[in-house]
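Asks: Structure file coords-v8.tsv (TSV, C-alpha atoms) is given on the next line.
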```
chain	number	residue	atom	x	y	z
A	16	MET	CA	72.72	-48.60	-10.43
A	17	GLN	CA	71.76	-44.96	-10.16
A	18	GLU	CA	68.34	-43.93	-11.44
A	19	ILE	CA	69.00	-41.62	-14.39
A	20	LYS	CA	65.84	-39.60	-13.75
A	21	ASN	CA	67.36	-38.45	-10.48
A	22	LEU	CA	70.15	-36.67	-12.37
A	23	SER	CA	70.09	-33.07	-13.58
A	24	LEU	CA	70.96	-32.11	-17.15
A	25	LYS	CA	74.37	-30.94	-15.91
A	26	ASN	CA	74.95	-34.29	-14.18
A	27	ILE	CA	74.26	-36.14	-17.43
A	28	GLU	CA	76.50	-33.75	-19.38
A	29	SER	CA	79.32	-34.44	-16.91
A	30	PHE	CA	78.81	-38.17	-17.35
A	31	PHE	CA	79.19	-37.92	-21.13
A	32	ILE	CA	82.26	-35.71	-20.87
A	33	GLU	CA	83.89	-38.12	-18.40
A	34	ASN	CA	83.23	-40.92	-20.89
A	35	LYS	CA	84.67	-38.91	-23.80
A	36	GLU	CA	81.31	-38.40	-25.49
A	37	LYS	CA	79.79	-35.17	-26.81
A	38	ALA	CA	78.07	-33.08	-24.12
A	39	PHE	CA	75.10	-32.35	-26.40
A	40	ARG	CA	74.07	-36.00	-26.05
A	41	ALA	CA	72.83	-35.09	-22.58
A	42	LYS	CA	70.12	-32.84	-24.05
A	43	GLN	CA	68.99	-35.67	-26.30
A	44	VAL	CA	68.74	-38.05	-23.35
A	45	TYR	CA	66.99	-35.42	-21.24
A	46	GLU	CA	64.40	-34.88	-23.98
A	47	TRP	CA	63.71	-38.61	-24.14
A	48	LEU	CA	63.27	-38.76	-20.38
A	49	TRP	CA	61.00	-35.77	-19.81
A	50	GLN	CA	59.34	-34.84	-23.14
A	51	LYS	CA	59.04	-38.16	-24.90
A	52	HIS	CA	58.65	-40.21	-21.69
A	53	ALA	CA	60.88	-43.08	-22.80
A	54	SER	CA	60.45	-46.25	-20.74
A	55	SER	CA	63.76	-47.76	-21.85
A	56	PHE	CA	67.10	-46.66	-23.28
A	57	ASP	CA	66.36	-48.67	-26.44
A	58	GLU	CA	63.61	-46.18	-27.32
A	59	MET	CA	66.21	-43.40	-27.68
A	60	THR	CA	66.57	-44.01	-31.40
A	61	ASN	CA	68.55	-40.85	-32.29
A	62	ILE	CA	71.34	-42.05	-30.00
A	63	SER	CA	73.82	-44.70	-31.16
A	64	LYS	CA	73.61	-48.28	-29.88
A	65	GLU	CA	77.03	-47.83	-28.28
A	66	ILE	CA	75.87	-44.87	-26.20
A	67	ARG	CA	72.64	-46.62	-25.29
A	68	SER	CA	74.73	-49.57	-24.10
A	69	LEU	CA	76.87	-47.18	-22.05
A	70	LEU	CA	73.73	-45.79	-20.42
A	71	LYS	CA	72.41	-49.28	-19.64
A	72	GLN	CA	75.69	-50.21	-17.98
A	73	ASN	CA	75.61	-47.20	-15.68
A	74	PHE	CA	71.99	-46.26	-15.03
A	75	SER	CA	68.55	-47.68	-14.40
A	76	LEU	CA	65.44	-46.18	-16.00
A	77	SER	CA	62.30	-46.98	-14.06
A	78	GLN	CA	58.72	-45.83	-14.53
A	79	ILE	CA	55.68	-46.04	-12.34
A	80	LYS	CA	53.23	-48.66	-13.56
A	81	ILE	CA	49.45	-48.83	-13.51
A	82	LYS	CA	48.53	-51.43	-10.90
A	83	ASN	CA	44.79	-50.89	-11.02
A	84	LEU	CA	42.40	-48.46	-12.71
A	85	GLN	CA	38.83	-47.65	-11.67
A	86	LYS	CA	36.28	-45.56	-13.56
A	87	SER	CA	33.49	-43.79	-11.70
A	88	SER	CA	29.95	-43.34	-12.93
A	89	ASP	CA	30.78	-39.60	-13.25
A	90	LYS	CA	33.82	-40.45	-15.46
A	91	THR	CA	36.39	-39.79	-12.76
A	92	ILE	CA	39.34	-42.18	-13.12
A	93	LYS	CA	41.35	-43.35	-10.12
A	94	THR	CA	44.69	-45.01	-10.83
A	95	ALA	CA	46.72	-47.06	-8.38
A	96	PHE	CA	50.36	-46.64	-9.40
A	97	GLU	CA	52.96	-49.24	-8.48
A	98	LEU	CA	56.40	-47.82	-7.76
A	99	SER	CA	59.71	-49.57	-8.48
A	100	ASP	CA	59.97	-50.73	-4.84
A	101	GLY	CA	56.45	-52.20	-4.85
A	102	ASN	CA	54.80	-49.36	-2.92
A	103	ILE	CA	51.41	-48.14	-4.17
A	104	ILE	CA	50.15	-44.56	-4.53
A	105	GLU	CA	46.97	-43.19	-6.07
A	106	GLY	CA	46.19	-40.38	-8.50
A	107	VAL	CA	42.91	-39.15	-9.94
A	108	LEU	CA	41.72	-37.74	-13.27
A	109	ILE	CA	38.88	-35.33	-12.49
A	110	PRO	CA	36.78	-34.42	-15.55
A	111	ALA	CA	34.81	-31.20	-15.92
A	112	GLN	CA	32.96	-30.58	-19.19
A	113	ASN	CA	35.70	-30.67	-21.86
A	114	ARG	CA	38.69	-30.32	-19.55
A	115	ALA	CA	40.41	-32.40	-16.91
A	116	THR	CA	42.44	-31.97	-13.74
A	117	ALA	CA	45.09	-34.33	-12.37
A	118	CYS	CA	45.09	-34.84	-8.60
A	119	ILE	CA	48.51	-36.28	-7.75
A	120	SER	CA	50.32	-37.61	-4.69
A	121	SER	CA	53.60	-36.44	-3.16
A	122	GLN	CA	54.28	-39.17	-0.58
A	123	VAL	CA	53.59	-42.84	0.06
A	124	GLY	CA	51.09	-42.45	2.89
A	125	CYS	CA	51.17	-39.44	5.22
A	126	LYS	CA	52.48	-38.81	8.73
A	127	LEU	CA	50.05	-36.02	9.73
A	128	GLY	CA	47.09	-38.18	10.77
A	129	CYS	CA	44.19	-35.84	9.92
A	130	LYS	CA	41.07	-37.47	11.35
A	131	PHE	CA	38.90	-36.99	8.26
A	132	CYS	CA	41.44	-38.31	5.74
A	133	ALA	CA	41.88	-41.96	4.80
A	134	THR	CA	45.50	-41.43	3.76
A	135	GLY	CA	46.31	-40.05	7.20
A	136	HIS	CA	45.39	-43.40	8.74
A	137	LEU	CA	47.94	-45.27	6.60
A	138	GLY	CA	50.99	-43.81	8.28
A	139	TYR	CA	54.06	-42.62	6.38
A	140	THR	CA	56.37	-44.77	4.24
A	141	ARG	CA	58.52	-42.40	2.18
A	142	ASN	CA	58.69	-39.35	-0.07
A	143	LEU	CA	58.12	-39.70	-3.79
A	144	THR	CA	60.98	-38.92	-6.14
A	145	VAL	CA	60.82	-36.15	-8.73
A	146	ALA	CA	60.19	-38.74	-11.45
A	147	GLU	CA	57.41	-40.46	-9.50
A	148	ILE	CA	55.59	-37.15	-9.08
A	149	TYR	CA	56.15	-36.16	-12.71
A	150	ASP	CA	55.16	-39.55	-14.15
A	151	GLN	CA	51.75	-39.42	-12.45
A	152	VAL	CA	51.03	-36.26	-14.43
A	153	VAL	CA	52.20	-37.83	-17.69
A	154	ILE	CA	49.96	-40.88	-17.30
A	155	ILE	CA	46.89	-38.91	-16.19
A	156	LYS	CA	47.45	-36.46	-19.05
A	157	GLN	CA	47.40	-39.42	-21.45
A	158	GLN	CA	44.16	-40.65	-19.86
A	159	ALA	CA	42.59	-37.22	-20.41
A	160	GLU	CA	43.63	-37.15	-24.05
A	161	GLU	CA	42.26	-40.67	-24.61
A	162	SER	CA	38.94	-39.41	-23.22
A	163	ASP	CA	39.02	-36.37	-25.58
A	164	LEU	CA	39.44	-34.02	-22.62
A	165	HIS	CA	41.71	-30.98	-22.55
A	166	PHE	CA	44.28	-31.52	-19.80
A	167	SER	CA	44.20	-28.20	-18.00
A	168	ASN	CA	45.16	-28.32	-14.31
A	169	ILE	CA	47.23	-30.11	-11.68
A	170	VAL	CA	46.45	-30.20	-7.97
A	171	LEU	CA	48.83	-31.65	-5.42
A	172	MET	CA	46.00	-32.83	-3.22
A	173	GLY	CA	46.54	-36.57	-3.32
A	174	MET	CA	48.36	-38.73	-0.81
A	175	GLY	CA	50.90	-36.98	1.43
A	176	GLU	CA	51.87	-33.47	2.54
A	177	PRO	CA	53.72	-31.77	-0.35
A	178	LEU	CA	55.64	-29.37	1.89
A	179	LEU	CA	57.20	-32.29	3.75
A	180	ASN	CA	58.71	-33.40	0.43
A	181	TYR	CA	59.71	-29.86	-0.48
A	182	ASP	CA	62.77	-30.30	-2.70
A	183	ASN	CA	61.33	-33.09	-4.84
A	184	VAL	CA	57.96	-31.37	-5.23
A	185	MET	CA	59.59	-28.09	-6.25
A	186	SER	CA	61.87	-29.85	-8.73
A	187	ALA	CA	58.92	-31.75	-10.23
A	188	ILE	CA	56.90	-28.54	-10.64
A	189	LYS	CA	59.92	-26.87	-12.24
A	190	LEU	CA	60.11	-29.72	-14.77
A	191	ILE	CA	56.36	-29.73	-15.40
A	192	THR	CA	56.42	-26.01	-16.18
A	193	SER	CA	59.69	-25.99	-18.17
A	194	LYS	CA	60.07	-26.21	-21.94
A	195	GLN	CA	62.15	-29.32	-21.37
A	196	GLY	CA	59.14	-30.92	-19.68
A	197	LEU	CA	55.40	-30.38	-20.13
A	198	ALA	CA	55.55	-26.57	-20.50
A	199	MET	CA	52.47	-26.06	-18.31
A	200	SER	CA	51.71	-22.67	-16.81
A	201	ASN	CA	52.33	-22.19	-13.09
A	202	SER	CA	48.86	-20.68	-12.86
A	203	ARG	CA	47.43	-24.12	-13.69
A	204	ILE	CA	49.07	-25.76	-10.67
A	205	THR	CA	47.79	-25.72	-7.08
A	206	LEU	CA	49.71	-27.04	-4.10
A	207	SER	CA	47.57	-27.94	-1.10
A	208	THR	CA	49.09	-28.00	2.38
A	209	SER	CA	47.80	-28.73	5.84
A	210	GLY	CA	49.72	-25.67	7.01
A	211	ILE	CA	53.45	-26.20	7.64
A	212	ASN	CA	54.23	-22.62	8.56
A	213	LYS	CA	57.99	-22.48	8.07
A	214	MET	CA	57.65	-24.15	4.67
A	215	ILE	CA	54.94	-21.71	3.59
A	216	LYS	CA	57.44	-18.95	4.33
A	217	LYS	CA	60.04	-20.83	2.29
A	218	LEU	CA	57.60	-20.94	-0.63
A	219	ALA	CA	57.36	-17.16	-0.34
A	220	ASP	CA	61.14	-16.73	-0.18
A	221	ASP	CA	61.47	-18.95	-3.25
A	222	ASN	CA	58.98	-16.67	-5.02
A	223	VAL	CA	56.79	-19.48	-6.31
A	224	ARG	CA	54.26	-18.68	-9.01
A	225	PHE	CA	51.82	-21.55	-8.58
A	226	ASN	CA	48.66	-21.39	-6.45
A	227	LEU	CA	48.57	-22.16	-2.74
A	228	ALA	CA	45.65	-23.85	-1.01
A	229	VAL	CA	45.45	-24.48	2.74
A	230	SER	CA	43.38	-27.27	4.30
A	231	LEU	CA	41.84	-25.26	7.11
A	232	HIS	CA	38.66	-27.10	8.17
A	233	SER	CA	38.30	-25.02	11.33
A	234	ALA	CA	39.32	-21.53	12.44
A	235	ASN	CA	39.19	-22.58	16.08
A	236	ASN	CA	42.52	-23.74	17.51
A	237	ASP	CA	41.15	-26.46	19.79
A	238	LYS	CA	38.79	-27.85	17.20
A	239	ARG	CA	41.38	-27.73	14.42
A	240	SER	CA	43.91	-29.53	16.63
A	241	GLN	CA	41.39	-32.31	17.19
A	242	LEU	CA	40.78	-32.67	13.45
A	243	MET	CA	44.36	-31.97	12.36
A	244	PRO	CA	47.14	-32.79	14.84
A	245	VAL	CA	49.54	-30.64	12.79
A	246	ASN	CA	47.79	-27.60	14.28
A	247	LYS	CA	49.35	-28.33	17.66
A	248	THR	CA	52.78	-27.35	16.31
A	249	ASN	CA	51.47	-24.94	13.64
A	250	PRO	CA	48.68	-23.04	15.44
A	251	LEU	CA	46.32	-20.69	13.66
A	252	ASN	CA	47.95	-17.44	14.78
A	253	GLU	CA	51.30	-18.60	13.36
A	254	LEU	CA	49.60	-19.91	10.22
A	255	ALA	CA	48.03	-16.47	9.72
A	256	GLN	CA	51.45	-14.82	9.98
A	257	ALA	CA	52.96	-17.27	7.50
A	258	LEU	CA	50.14	-16.66	5.02
A	259	LYS	CA	50.47	-12.88	5.37
A	260	TYR	CA	54.17	-13.24	4.61
A	261	PHE	CA	53.37	-15.43	1.58
A	262	ASN	CA	50.82	-12.95	0.25
A	263	GLU	CA	53.12	-9.96	0.72
A	264	LYS	CA	55.95	-11.73	-1.13
A	265	THR	CA	53.95	-13.26	-3.98
A	266	GLN	CA	50.83	-11.06	-4.19
A	267	SER	CA	48.86	-14.31	-4.55
A	268	ARG	CA	45.42	-14.92	-3.09
A	269	ILE	CA	45.13	-17.94	-0.80
A	270	THR	CA	42.49	-20.64	-1.17
A	271	PHE	CA	41.13	-22.12	2.05
A	272	GLU	CA	39.71	-25.62	1.82
A	273	TYR	CA	36.96	-26.27	4.34
A	274	LEU	CA	35.44	-29.72	4.74
A	275	LEU	CA	31.95	-29.42	6.26
A	276	ILE	CA	31.42	-32.19	8.83
A	277	LYS	CA	28.02	-32.57	10.49
A	278	ASP	CA	27.87	-31.14	14.02
A	279	ILE	CA	31.66	-30.75	14.13
A	280	ASN	CA	32.57	-27.61	12.17
A	281	ASP	CA	29.38	-26.57	10.39
A	282	GLY	CA	27.71	-24.30	12.95
A	283	MET	CA	27.20	-20.56	12.74
A	284	ASN	CA	29.92	-19.94	15.32
A	285	ASP	CA	32.30	-21.91	13.09
A	286	ALA	CA	31.31	-19.68	10.17
A	287	LYS	CA	31.93	-16.55	12.26
A	288	GLU	CA	35.39	-17.75	13.33
A	289	LEU	CA	36.20	-18.58	9.71
A	290	ALA	CA	35.10	-15.14	8.53
A	291	ILE	CA	37.34	-13.50	11.13
A	292	PHE	CA	40.31	-15.66	10.08
A	293	CYS	CA	39.73	-14.72	6.45
A	294	LYS	CA	40.48	-11.08	7.31
A	295	ASN	CA	44.16	-11.99	7.60
A	296	VAL	CA	44.81	-12.37	3.85
A	297	PRO	CA	43.07	-11.97	0.48
A	298	CYS	CA	41.43	-15.34	0.03
A	299	LYS	CA	38.61	-17.45	-1.28
A	300	ILE	CA	37.01	-20.49	0.34
A	301	ASN	CA	36.26	-23.85	-1.22
A	302	ILE	CA	33.55	-25.60	0.77
A	303	ILE	CA	34.03	-29.34	0.31
A	304	GLU	CA	31.51	-32.11	0.91
A	305	TYR	CA	32.66	-34.61	3.49
A	306	ASN	CA	33.22	-38.07	2.01
A	307	PRO	CA	32.90	-41.08	4.32
A	308	ILE	CA	35.91	-43.27	5.15
A	309	ASP	CA	36.10	-46.53	7.08
A	310	SER	CA	38.11	-45.21	10.02
A	311	ASN	CA	35.71	-42.66	11.52
A	312	SER	CA	32.01	-41.96	12.10
A	313	PHE	CA	31.90	-38.43	10.67
A	314	LYS	CA	28.93	-37.48	8.50
A	315	ARG	CA	28.33	-34.91	5.80
A	316	SER	CA	26.70	-31.66	6.85
A	317	THR	CA	23.06	-31.16	5.89
A	318	LYS	CA	22.00	-29.02	2.95
A	319	GLU	CA	20.31	-26.56	5.30
A	320	LYS	CA	23.43	-26.09	7.42
A	321	THR	CA	25.64	-25.88	4.34
A	322	ASP	CA	23.46	-23.18	2.81
A	323	ALA	CA	23.39	-21.18	6.05
A	324	PHE	CA	27.18	-21.50	6.41
A	325	VAL	CA	27.80	-20.32	2.85
A	326	ASN	CA	25.25	-17.50	3.05
A	327	TYR	CA	26.87	-16.13	6.20
A	328	LEU	CA	30.30	-16.02	4.54
A	329	GLU	CA	28.96	-14.47	1.35
A	330	ASN	CA	27.23	-11.78	3.37
A	331	LYS	CA	30.69	-10.95	4.73
A	332	ASN	CA	31.85	-10.38	1.12
A	333	ILE	CA	33.96	-13.54	1.08
A	334	ILE	CA	34.26	-15.50	-2.17
A	335	VAL	CA	32.86	-18.99	-1.58
A	336	ASN	CA	32.68	-21.98	-3.93
A	337	ILE	CA	30.98	-25.26	-3.11
A	338	ARG	CA	33.01	-28.16	-4.48
A	339	ARG	CA	30.90	-31.20	-5.29
A	340	SER	CA	32.86	-34.40	-4.83
A	341	ARG	CA	33.69	-36.56	-7.82
A	342	GLY	CA	34.46	-40.26	-7.86
A	343	LYS	CA	32.79	-41.10	-4.55
A	344	ASP	CA	31.70	-44.53	-5.78
A	345	ILE	CA	35.32	-45.58	-6.33
A	346	ASP	CA	36.80	-43.90	-3.21
A	347	ALA	CA	38.44	-41.26	-5.38
A	348	ALA	CA	36.89	-38.19	-3.75
A	349	CYS	CA	38.58	-35.73	-1.40
A	350	GLY	CA	39.95	-37.51	1.67
A	351	GLN	CA	39.29	-41.02	0.38
A	352	LEU	CA	42.65	-41.97	-1.18
A	353	ALA	CA	43.78	-44.85	1.01
A	354	ASN	CA	45.45	-47.44	-1.23
A	355	LYS	CA	42.99	-50.27	-0.73
A	356	ASN	CA	45.16	-52.33	-3.09
```
Go ahead and render the structure in this file as structure tokens.
Replies:
Amino acid sequence: MQEIKNLSLKNIESFFIENKEKAFRAKQVYEWLWQKHASSFDEMTNISKEIRSLLKQNFSLSQIKIKNLQKSSDKTIKTAFELSDGNIIEGVLIPAQNRATACISSQVGCKLGCKFCATGHLGYTRNLTVAEIYDQVVIIKQQAEESDLHFSNIVLMGMGEPLLNYDNVMSAIKLITSKQGLAMSNSRITLSTSGINKMIKKLADDNVRFNLAVSLHSANNDKRSQLMPVNKTNPLNELAQALKYFNEKTQSRITFEYLLIKDINDGMNDAKELAIFCKNVPCKINIIEYNPIDSNSFKRSTKEKTDAFVNYLENKNIIVNIRRSRGKDIDAACGQLANKN
């Protein structure tokens, strides 16, 4: 049977009309699916038993399930979600004072193979559906509320490359920000990409209003290609052009994510190359601590090198934030999501 969450409101309206039912029933069903998060048709209590039976006969209604949940000493929560086909993905609740951010996944695994990322070593299985993306947010939002935290932000920085699941990711964000869904502001959502240039231009053409972050990690083509194979087909000069196009279309500042790895990309020459690259577009830089994974021997940069790197950039009038990793003790930090279930 067809999954009802894969249908648009118009699709559901057409179904009711074809079955000689009132079209307004579609809005009721849609509200149960996306606002009230019904897990079964029987929960749709303002709809008659006959119509609920009709829905059961024609559609399935699946939800992602919590397979495993881990709580860090810093109150970060990592959830392993089981999908209807048995695949596992991970999402993270990241607390900060009285608010919380959801880090969600867009794919089962990832095909890009970044050397510093545990997910990249899993390989790629499939894209997530709109509902699977959306339901992660719903569950993590509930976790935040249970912990008396204000649910404030969403980052698509979990497993997978969001721009390689473009249509489903865009549809999920549209639902998350709509009145029919969670009614969140676009300004509270950040999509992180490894730099798929043609898709960044598509984001610009689609006039998106959420934030864009780019996993840069080196402003040297050879070095970036070694760390991130995607750079071989999306080199830095083309990435710069795509980001300029995005900025001109949306007037949005870009965030560059830069993972500092000891003796790999943390030298002063690396900082100089990064400062030069930053001249391409209005931007800010998030310096991220490297978090160890089983599949490589990389190490975190020293405090002295980190301070020198940051000071150089700040002296070039570049906005720099140092992001301290959360959830390291449960493999929930940046780059560590690897589905060890």
Asks: Select, from A:Glu263, A:Glu272, A:Asp309, A:Asp278, the residue with the minimum atom-to-atom distance to Ile337 in chain A, counting all atoms listed in the file.
Replies: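 Checking each of A:Glu263, A:Glu272, A:Asp309, A:Asp278 against Ile337 in chain A, counting all atoms listed in the file, the winner is A:Glu272.
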Asks: List as a tab-separated table every residue of range 72-100 of chain A that is in contact with range 44-59 of chain A, defined as an atom at most 9 Å from one of its atoms (using only C-alpha atoms), together with the nearest atom pair and the distance in Å rounded to one decimal, sorted by chain and then rising number.
Replies:
```
residue	atom	partner	partner_atom	distance
A:Ser75	CA	A:Ser55	CA	8.9
A:Leu76	CA	A:Ser55	CA	6.3
A:Ser77	CA	A:Ser54	CA	7.0
A:Gln78	CA	A:Ser54	CA	6.5
```
Asks: If you count all atoms listed in the file, which residues fall within 9 Å of Leu274 in chain A, apart from same-chain ones fewer than 6 positions away, as a list in words?
Replies: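 Neighbouring residues, sequence-local ones excluded: Phe131, Ser230, Leu231, His232, Ser233, Asn280, Asp281, Asn301, Ile302, Ile303, Glu304, Tyr305 and Arg315 of chain A.
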Asks: Output C-alpha atoms of each residue in that selection to a file, as a PDB file, in the coordinates of the input.
Replies:
```pdb
ATOM      1  CA  PHE A 131      38.900 -36.990   8.260  1.00  0.00           C
ATOM      2  CA  SER A 230      43.380 -27.270   4.300  1.00  0.00           C
ATOM      3  CA  LEU A 231      41.840 -25.260   7.110  1.00  0.00           C
ATOM      4  CA  HIS A 232      38.660 -27.100   8.170  1.00  0.00           C
ATOM      5  CA  SER A 233      38.300 -25.020  11.330  1.00  0.00           C
ATOM      6  CA  ASN A 280      32.570 -27.610  12.170  1.00  0.00           C
ATOM      7  CA  ASP A 281      29.380 -26.570  10.390  1.00  0.00           C
ATOM      8  CA  ASN A 301      36.260 -23.850  -1.220  1.00  0.00           C
ATOM      9  CA  ILE A 302      33.550 -25.600   0.770  1.00  0.00           C
ATOM     10  CA  ILE A 303      34.030 -29.340   0.310  1.00  0.00           C
ATOM     11  CA  GLU A 304      31.510 -32.110   0.910  1.00  0.00           C
ATOM     12  CA  TYR A 305      32.660 -34.610   3.490  1.00  0.00           C
ATOM     13  CA  ARG A 315      28.330 -34.910   5.800  1.00  0.00           C
TER      14      ARG A 315
END
```
Asks: With a distance cut-off of 12 Å and only C-alpha atoms, select the neighbouring residues of Tyr149 in chain A, excluding the residue or stretch itself and same-chain residues fewer than 3 positions from it, and output the selection as a PyMOL selection string.
Replies: chain A and resi 20-21+48-50+52+78-79+106+117-121+143-146+152-156+169+171+183-192+196-197
Asks: Could you turn the residues from that selection into a file that holds C-alpha atoms, as a PDB file, in the frame of the given file?
Replies:
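So the final result, stored in out39.pdb, reads:
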```pdb
ATOM      1  CA  LYS A  20      65.840 -39.600 -13.750  1.00  0.00           C
ATOM      2  CA  ASN A  21      67.360 -38.450 -10.480  1.00  0.00           C
ATOM      3  CA  LEU A  48      63.270 -38.760 -20.380  1.00  0.00           C
ATOM      4  CA  TRP A  49      61.000 -35.770 -19.810  1.00  0.00           C
ATOM      5  CA  GLN A  50      59.340 -34.840 -23.140  1.00  0.00           C
ATOM      6  CA  HIS A  52      58.650 -40.210 -21.690  1.00  0.00           C
ATOM      7  CA  GLN A  78      58.720 -45.830 -14.530  1.00  0.00           C
ATOM      8  CA  ILE A  79      55.680 -46.040 -12.340  1.00  0.00           C
ATOM      9  CA  GLY A 106      46.190 -40.380  -8.500  1.00  0.00           C
ATOM     10  CA  ALA A 117      45.090 -34.330 -12.370  1.00  0.00           C
ATOM     11  CA  CYS A 118      45.090 -34.840  -8.600  1.00  0.00           C
ATOM     12  CA  ILE A 119      48.510 -36.280  -7.750  1.00  0.00           C
ATOM     13  CA  SER A 120      50.320 -37.610  -4.690  1.00  0.00           C
ATOM     14  CA  SER A 121      53.600 -36.440  -3.160  1.00  0.00           C
ATOM     15  CA  LEU A 143      58.120 -39.700  -3.790  1.00  0.00           C
ATOM     16  CA  THR A 144      60.980 -38.920  -6.140  1.00  0.00           C
ATOM     17  CA  VAL A 145      60.820 -36.150  -8.730  1.00  0.00           C
ATOM     18  CA  ALA A 146      60.190 -38.740 -11.450  1.00  0.00           C
ATOM     19  CA  VAL A 152      51.030 -36.260 -14.430  1.00  0.00           C
ATOM     20  CA  VAL A 153      52.200 -37.830 -17.690  1.00  0.00           C
ATOM     21  CA  ILE A 154      49.960 -40.880 -17.300  1.00  0.00           C
ATOM     22  CA  ILE A 155      46.890 -38.910 -16.190  1.00  0.00           C
ATOM     23  CA  LYS A 156      47.450 -36.460 -19.050  1.00  0.00           C
ATOM     24  CA  ILE A 169      47.230 -30.110 -11.680  1.00  0.00           C
ATOM     25  CA  LEU A 171      48.830 -31.650  -5.420  1.00  0.00           C
ATOM     26  CA  ASN A 183      61.330 -33.090  -4.840  1.00  0.00           C
ATOM     27  CA  VAL A 184      57.960 -31.370  -5.230  1.00  0.00           C
ATOM     28  CA  MET A 185      59.590 -28.090  -6.250  1.00  0.00           C
ATOM     29  CA  SER A 186      61.870 -29.850  -8.730  1.00  0.00           C
ATOM     30  CA  ALA A 187      58.920 -31.750 -10.230  1.00  0.00           C
ATOM     31  CA  ILE A 188      56.900 -28.540 -10.640  1.00  0.00           C
ATOM     32  CA  LYS A 189      59.920 -26.870 -12.240  1.00  0.00           C
ATOM     33  CA  LEU A 190      60.110 -29.720 -14.770  1.00  0.00           C
ATOM     34  CA  ILE A 191      56.360 -29.730 -15.400  1.00  0.00           C
ATOM     35  CA  THR A 192      56.420 -26.010 -16.180  1.00  0.00           C
ATOM     36  CA  GLY A 196      59.140 -30.920 -19.680  1.00  0.00           C
ATOM     37  CA  LEU A 197      55.400 -30.380 -20.130  1.00  0.00           C
TER      38      LEU A 197
END
```
Asks: May I have the residues within 10 Å of Asn168 in chain A as a list in words, using only C-alpha atoms and disregarding those fewer than 3 positions away in the same chain?
Replies: Ile109, Arg114, Ala115, Thr116, Ala117, Cys118, Val152, Lys156, His165, Met199, Ser200, Asn201, Ser202, Arg203, Ile204 and Thr205 of chain A
Asks: Work out how far apart CA of Ile27 in chain A and CA of Ser63 in chain A are and give it in Å to one decimal.
Replies: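 A separation of 16.2 Å between them.
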Asks: In terms of the shortest atom-to-atom distance over only C-alpha atoms, which of A:Gln195, A:Asn142, A:Asn246, A:Gln241 is closest to Gly210 in chain A?
Replies: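 Closest residue, counting only C-alpha atoms: A:Asn246.
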Asks: Between CA of His136 in chain A and CA of Lys314 in chain A, measure the distance and give it in Å to one decimal.
Replies: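 Computing the Euclidean distance for CA of His136 in chain A and CA of Lys314 in chain A yields 17.5 Å.
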Asks: As an exercise, work out the distance from CA of Glu161 in chain A to CA of Thr91 in chain A in Å and give it to one decimal place.
Replies: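 About the pair CA of Glu161 in chain A and CA of Thr91 in chain A: they are 13.3 Å apart.
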Asks: Counting all atoms listed in the file, which residue out of A:Phe292, A:Tyr181, A:Phe30, A:Phe313 sits closest to Ile66 in chain A?
Replies: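 Comparing A:Phe292, A:Tyr181, A:Phe30, A:Phe313 against Ile66 in chain A, the winner is A:Phe30.
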Asks: Which residue, A:Ser29, A:Tyr260, A:Met174, A:Ala111, has the smallest gap to Ala95 in chain A when you use all atoms listed in the file?
Replies: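 Checking each candidate against Ala95 in chain A, we get A:Met174 as the closest.
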Asks: Which one of A:Asn102, A:Lys331, A:Ala286, A:Leu127 sits closest to Pro244 in chain A if you count only C-alpha atoms?
Replies: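 Result for the nearest residue to Pro244 in chain A: A:Leu127.
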Asks: Set the distance at 10 Å and use only C-alpha atoms: which residues neighbour Phe39 in chain A once local chain neighbours fewer than 6 positions away are removed? I'd like the list as an MDAnalysis selection string.
Replies: chainID A and resid 27:28 31:32
Asks: Which is closest to Lys213 in chain A among A:Pro110, A:Pro297, A:Gly135, A:Pro250, if we use only C-alpha atoms?
Replies: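 For Lys213 in chain A, the nearest of the candidates is A:Pro250.
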